[in-house]
file query30.cif (mmCIF, C-alpha atoms)
data_final
#
loop_
_atom_site.label_atom_id
_atom_site.label_comp_id
_atom_site.auth_asym_id
_atom_site.auth_seq_id
_atom_site.Cartn_x
_atom_site.Cartn_y
_atom_site.Cartn_z
CA MET A 1 -38.96 -54.66 -0.09
CA ALA A 2 -39.64 -52.12 2.68
CA ALA A 3 -41.54 -48.93 1.98
CA SER A 4 -39.58 -45.71 2.09
CA GLY A 5 -40.47 -42.92 4.49
CA THR A 6 -41.84 -40.90 1.58
CA ASP A 7 -44.06 -43.80 0.49
CA GLU A 8 -45.40 -44.13 4.02
CA LEU A 9 -46.07 -40.38 4.23
CA HIS A 10 -47.90 -40.46 0.89
CA GLN A 11 -49.99 -43.44 2.00
CA ALA A 12 -50.91 -41.62 5.21
CA LEU A 13 -51.95 -38.52 3.25
CA ILE A 14 -54.11 -40.58 0.89
CA ARG A 15 -55.77 -42.33 3.85
CA ASP A 16 -56.37 -38.98 5.55
CA HIS A 17 -58.11 -37.48 2.50
CA PHE A 18 -60.16 -40.67 2.10
CA ARG A 19 -61.24 -40.84 5.75
CA ARG A 20 -61.64 -37.10 6.31
CA PRO A 21 -62.42 -35.66 2.86
CA ARG A 22 -62.23 -31.95 2.31
CA ASN A 23 -65.04 -30.09 0.53
CA ARG A 24 -67.40 -33.06 0.29
CA GLY A 25 -71.06 -32.42 -0.52
CA ALA A 26 -73.07 -30.69 -3.22
CA LEU A 27 -72.93 -26.93 -3.68
CA GLU A 28 -76.22 -25.10 -3.48
CA ALA A 29 -77.58 -23.74 -6.75
CA PRO A 30 -76.51 -22.04 -8.87
CA ALA A 31 -73.61 -24.35 -9.53
CA ASN A 32 -72.70 -26.68 -12.36
CA SER A 33 -71.92 -30.31 -11.87
CA GLY A 34 -69.94 -32.95 -13.66
CA ARG A 35 -69.82 -36.71 -13.29
CA ALA A 36 -67.20 -39.29 -14.17
CA HIS A 37 -67.61 -43.04 -13.91
CA ASN A 38 -65.08 -45.83 -14.23
CA ARG A 39 -67.00 -48.73 -15.72
CA PHE A 40 -64.19 -51.17 -14.91
CA CYS A 41 -64.28 -50.75 -11.14
CA GLY A 42 -67.55 -48.89 -10.55
CA ASP A 43 -66.07 -45.71 -9.03
CA THR A 44 -68.17 -42.59 -9.57
CA VAL A 45 -67.12 -39.02 -8.78
CA LEU A 46 -69.37 -35.97 -8.95
CA MET A 47 -67.92 -32.45 -8.80
CA TRP A 48 -69.75 -29.15 -8.35
CA ALA A 49 -68.18 -25.90 -9.49
CA ARG A 50 -68.90 -22.21 -9.38
CA LEU A 51 -66.89 -19.72 -11.47
CA GLU A 52 -66.64 -16.01 -10.70
CA ASP A 53 -64.95 -13.83 -13.29
CA GLY A 54 -63.43 -16.93 -14.89
CA ILE A 55 -61.93 -18.21 -11.64
CA LEU A 56 -63.10 -21.30 -9.77
CA SER A 57 -64.46 -19.78 -6.57
CA GLU A 58 -66.06 -22.91 -5.11
CA VAL A 59 -65.64 -26.60 -5.81
CA THR A 60 -66.94 -29.65 -3.96
CA PHE A 61 -67.33 -33.33 -4.66
CA ASP A 62 -69.14 -36.48 -3.72
CA GLY A 63 -69.05 -40.02 -4.95
CA ARG A 64 -68.36 -43.60 -4.14
CA GLY A 65 -65.32 -45.63 -4.88
CA CYS A 66 -61.85 -46.57 -3.84
CA ALA A 67 -59.49 -44.60 -1.64
CA ILE A 68 -57.59 -43.38 -4.70
CA SER A 69 -60.54 -41.80 -6.54
CA LEU A 70 -62.09 -40.23 -3.43
CA ALA A 71 -58.79 -39.00 -1.99
CA ALA A 72 -57.91 -37.53 -5.41
CA ALA A 73 -61.27 -35.71 -5.47
CA SER A 74 -60.67 -34.28 -2.01
CA MET A 75 -57.14 -33.21 -2.98
CA LEU A 76 -58.30 -31.67 -6.26
CA THR A 77 -60.88 -29.45 -4.58
CA SER A 78 -58.11 -27.75 -2.62
CA VAL A 79 -55.70 -27.45 -5.53
CA ALA A 80 -58.25 -26.21 -8.08
CA ARG A 81 -59.92 -23.44 -6.06
CA GLY A 82 -58.75 -20.03 -7.24
CA LYS A 83 -57.64 -21.28 -10.65
CA SER A 84 -59.00 -20.61 -14.14
CA ALA A 85 -60.26 -23.40 -16.38
CA THR A 86 -57.05 -23.12 -18.40
CA GLU A 87 -54.90 -23.48 -15.28
CA ILE A 88 -56.93 -26.52 -14.22
CA ALA A 89 -56.41 -28.07 -17.68
CA ASP A 90 -52.67 -27.45 -17.26
CA LEU A 91 -52.73 -29.10 -13.82
CA ARG A 92 -54.53 -32.10 -15.31
CA GLN A 93 -51.92 -32.44 -18.04
CA ALA A 94 -49.09 -32.23 -15.48
CA PHE A 95 -50.86 -34.90 -13.42
CA VAL A 96 -51.37 -37.18 -16.44
CA ASP A 97 -47.74 -36.72 -17.49
CA GLY A 98 -46.57 -37.39 -13.94
CA LEU A 99 -48.48 -40.66 -13.74
CA ALA A 100 -46.70 -42.11 -16.77
CA PRO A 101 -44.56 -45.15 -15.88
CA ASP A 102 -41.16 -43.43 -16.24
CA ALA A 103 -42.26 -39.92 -15.26
CA SER A 104 -40.33 -37.37 -13.26
CA PRO A 105 -41.66 -36.38 -9.83
CA LEU A 106 -44.99 -34.56 -9.90
CA PRO A 107 -44.65 -30.75 -9.82
CA GLY A 108 -45.26 -28.81 -6.62
CA GLU A 109 -48.30 -26.96 -7.97
CA LEU A 110 -50.24 -30.24 -7.72
CA GLY A 111 -50.17 -29.99 -3.93
CA ASP A 112 -51.41 -33.09 -2.11
CA LEU A 113 -52.14 -34.78 -5.46
CA ARG A 114 -48.39 -35.53 -5.55
CA ALA A 115 -49.05 -38.22 -2.95
CA LEU A 116 -50.69 -40.24 -5.73
CA ALA A 117 -47.43 -40.58 -7.68
CA GLY A 118 -47.19 -44.22 -6.64
CA VAL A 119 -50.29 -44.99 -8.69
CA ARG A 120 -48.04 -44.97 -11.77
CA ARG A 121 -46.85 -48.44 -10.71
CA PHE A 122 -50.43 -49.73 -11.16
CA PRO A 123 -51.69 -48.67 -14.61
CA SER A 124 -55.21 -49.97 -13.93
CA ARG A 125 -55.48 -47.49 -11.02
CA VAL A 126 -54.41 -44.38 -12.95
CA ARG A 127 -57.98 -43.97 -14.23
CA CYS A 128 -59.21 -43.87 -10.60
CA ALA A 129 -56.86 -40.96 -9.88
CA LEU A 130 -58.02 -39.08 -13.00
CA LEU A 131 -61.79 -39.41 -12.41
CA PRO A 132 -62.06 -36.17 -10.37
CA PHE A 133 -60.37 -34.17 -13.13
CA GLU A 134 -62.82 -35.57 -15.69
CA ALA A 135 -65.81 -34.68 -13.51
CA LEU A 136 -64.46 -31.19 -12.80
CA GLU A 137 -63.83 -30.52 -16.48
CA GLU A 138 -67.44 -31.45 -17.27
CA ALA A 139 -68.65 -29.09 -14.53
CA LEU A 140 -66.46 -26.28 -15.87
CA ARG A 141 -67.81 -26.80 -19.41
CA GLY A 142 -71.28 -26.21 -17.93
CA CYS A 143 -70.07 -23.06 -16.16
CA ARG A 144 -68.73 -21.59 -19.40
CA ALA A 145 -71.84 -22.58 -21.36
CA GLY A 146 -74.21 -21.17 -18.76
#

call {"tool": "encode", "arguments": {"input": "query30.cif", "output": "structure tokens"}}
result
Amino acid sequence: MAASGTDELHQALIRDHFRRPRNRGALEAPANSGRAHNRFCGDTVLMWARLEDGILSEVTFDGRGCAISLAAASMLTSVARGKSATEIADLRQAFVDGLAPDASPLPGELGDLRALAGVRRFPSRVRCALLPFEALEEALRGCRAG
């Protein structure tokens, strides 16, 4: 079966974020960090976050792992900046719902993360795509507690 033009475009976008990640590297203090690890494949994603007046003003990541987890982290840093913790939780839920096997297309507010829709065909890879959200949520919990 041949890949559709959309599939090819999504694959190119994932490769681009993996090879040329956006917002990679630790934030200087003060910033809170979060870490998520997939014990099944070994992927680890770290996210750093800084809130100002309840809005995510800066977010970066680092880690090691597959193209899916690192591209998702790069994509998430762009989508999450400027959002509140509640809005980020809503984005995560939309992403989770959109990765279900029979889901509708991912909503536009997920930006480049929509390129990961094909992951739904590989349930074992969904966790890789969700790692950055888990790490960011941990970082945001530290921001609110601090």

call {"tool": "resolve_selection", "arguments": {"input": "query30.cif", "expression": "the PyMOL selection byres ((chain A and resi 27-42) around 7)", "output": "PyMOL selection string"}}
result
chain A and resi 25-26+43-50+60+65+131+134-136+138-139+142-143

call {"tool": "residues_near_point", "arguments": {"input": "query30.cif", "point": "(-45.9, -39.0, -4.2)", "cutoff": "9 Å", "atoms": "all atoms listed in the file", "output": "PyMOL selection string"}}
result
chain A and resi 6-7+9-11+105-106+112-119

call {"tool": "write_last_selection", "arguments": {"input": "query30.cif", "atoms": "C-alpha atoms", "output": "PDB file, in the coordinates of the input"}}
result
ATOM      1  CA  THR A   6     -41.840 -40.900   1.580  1.00  0.00           C
ATOM      2  CA  ASP A   7     -44.060 -43.800   0.490  1.00  0.00           C
ATOM      3  CA  LEU A   9     -46.070 -40.380   4.230  1.00  0.00           C
ATOM      4  CA  HIS A  10     -47.900 -40.460   0.890  1.00  0.00           C
ATOM      5  CA  GLN A  11     -49.990 -43.440   2.000  1.00  0.00           C
ATOM      6  CA  PRO A 105     -41.660 -36.380  -9.830  1.00  0.00           C
ATOM      7  CA  LEU A 106     -44.990 -34.560  -9.900  1.00  0.00           C
ATOM      8  CA  ASP A 112     -51.410 -33.090  -2.110  1.00  0.00           C
ATOM      9  CA  LEU A 113     -52.140 -34.780  -5.460  1.00  0.00           C
ATOM     10  CA  ARG A 114     -48.390 -35.530  -5.550  1.00  0.00           C
ATOM     11  CA  ALA A 115     -49.050 -38.220  -2.950  1.00  0.00           C
ATOM     12  CA  LEU A 116     -50.690 -40.240  -5.730  1.00  0.00           C
ATOM     13  CA  ALA A 117     -47.430 -40.580  -7.680  1.00  0.00           C
ATOM     14  CA  GLY A 118     -47.190 -44.220  -6.640  1.00  0.00           C
ATOM     15  CA  VAL A 119     -50.290 -44.990  -8.690  1.00  0.00           C
TER      16      VAL A 119
END

call {"tool": "closest_residue", "arguments": {"input": "query30.cif", "among": "A:Asp16, A:Glu8, A:Glu52, A:Glu109", "to": "Ala85 of chain A", "atoms": "all atoms listed in the file"}}
result
A:Glu52

call {"tool": "atom_distance", "arguments": {"input": "query30.cif", "atom1": "atom CA of Arg19 of chain A", "atom2": "atom CA of Val79 of chain A"}}
result
18.4 Å

call {"tool": "residues_around", "arguments": {"input": "query30.cif", "residues": "Pro21 of chain A", "least_positions_apart": "3", "cutoff": "10 Å", "atoms": "only C-alpha atoms", "output": "JSON, numbers by chain"}}
result
{"A": [14, 15, 16, 17, 18, 24, 25, 61, 62, 70, 71, 72, 73, 74, 75, 77]}

call {"tool": "atom_distance", "arguments": {"input": "query30.cif", "atom1": "atom CA of Asp90 of chain A", "atom2": "atom CA of Cys66 of chain A"}}
result
25.1 Å

call {"tool": "resolve_selection", "arguments": {"input": "query30.cif", "expression": "the PyMOL selection byres ((chain A and resi 98) around 12)", "output": "count of residues only"}}
result
30

call {"tool": "atom_distance", "arguments": {"input": "query30.cif", "atom1": "atom CA of Pro132 of chain A", "atom2": "atom CA of Glu58 of chain A"}}
result
14.8 Å

call {"tool": "closest_residue", "arguments": {"input": "query30.cif", "among": "A:Leu56, A:Ala12, A:Arg20, A:Arg64", "to": "Ile88 of chain A", "atoms": "all atoms listed in the file"}}
result
A:Leu56

call {"tool": "closest_residue", "arguments": {"input": "query30.cif", "among": "A:Asp53, A:Ser69, A:Gly63, A:Asn23", "to": "Arg125 of chain A", "atoms": "all atoms listed in the file"}}
result
A:Ser69

call {"tool": "closest_residue", "arguments": {"input": "query30.cif", "among": "A:Lys83, A:Arg141, A:Arg127, A:Arg22", "to": "Gly54 of chain A", "atoms": "all atoms listed in the file"}}
result
A:Lys83

call {"tool": "closest_residue", "arguments": {"input": "query30.cif", "among": "A:Val59, A:Ala67, A:Leu51, A:Leu13", "to": "Phe133 of chain A", "atoms": "all atoms listed in the file"}}
result
A:Val59
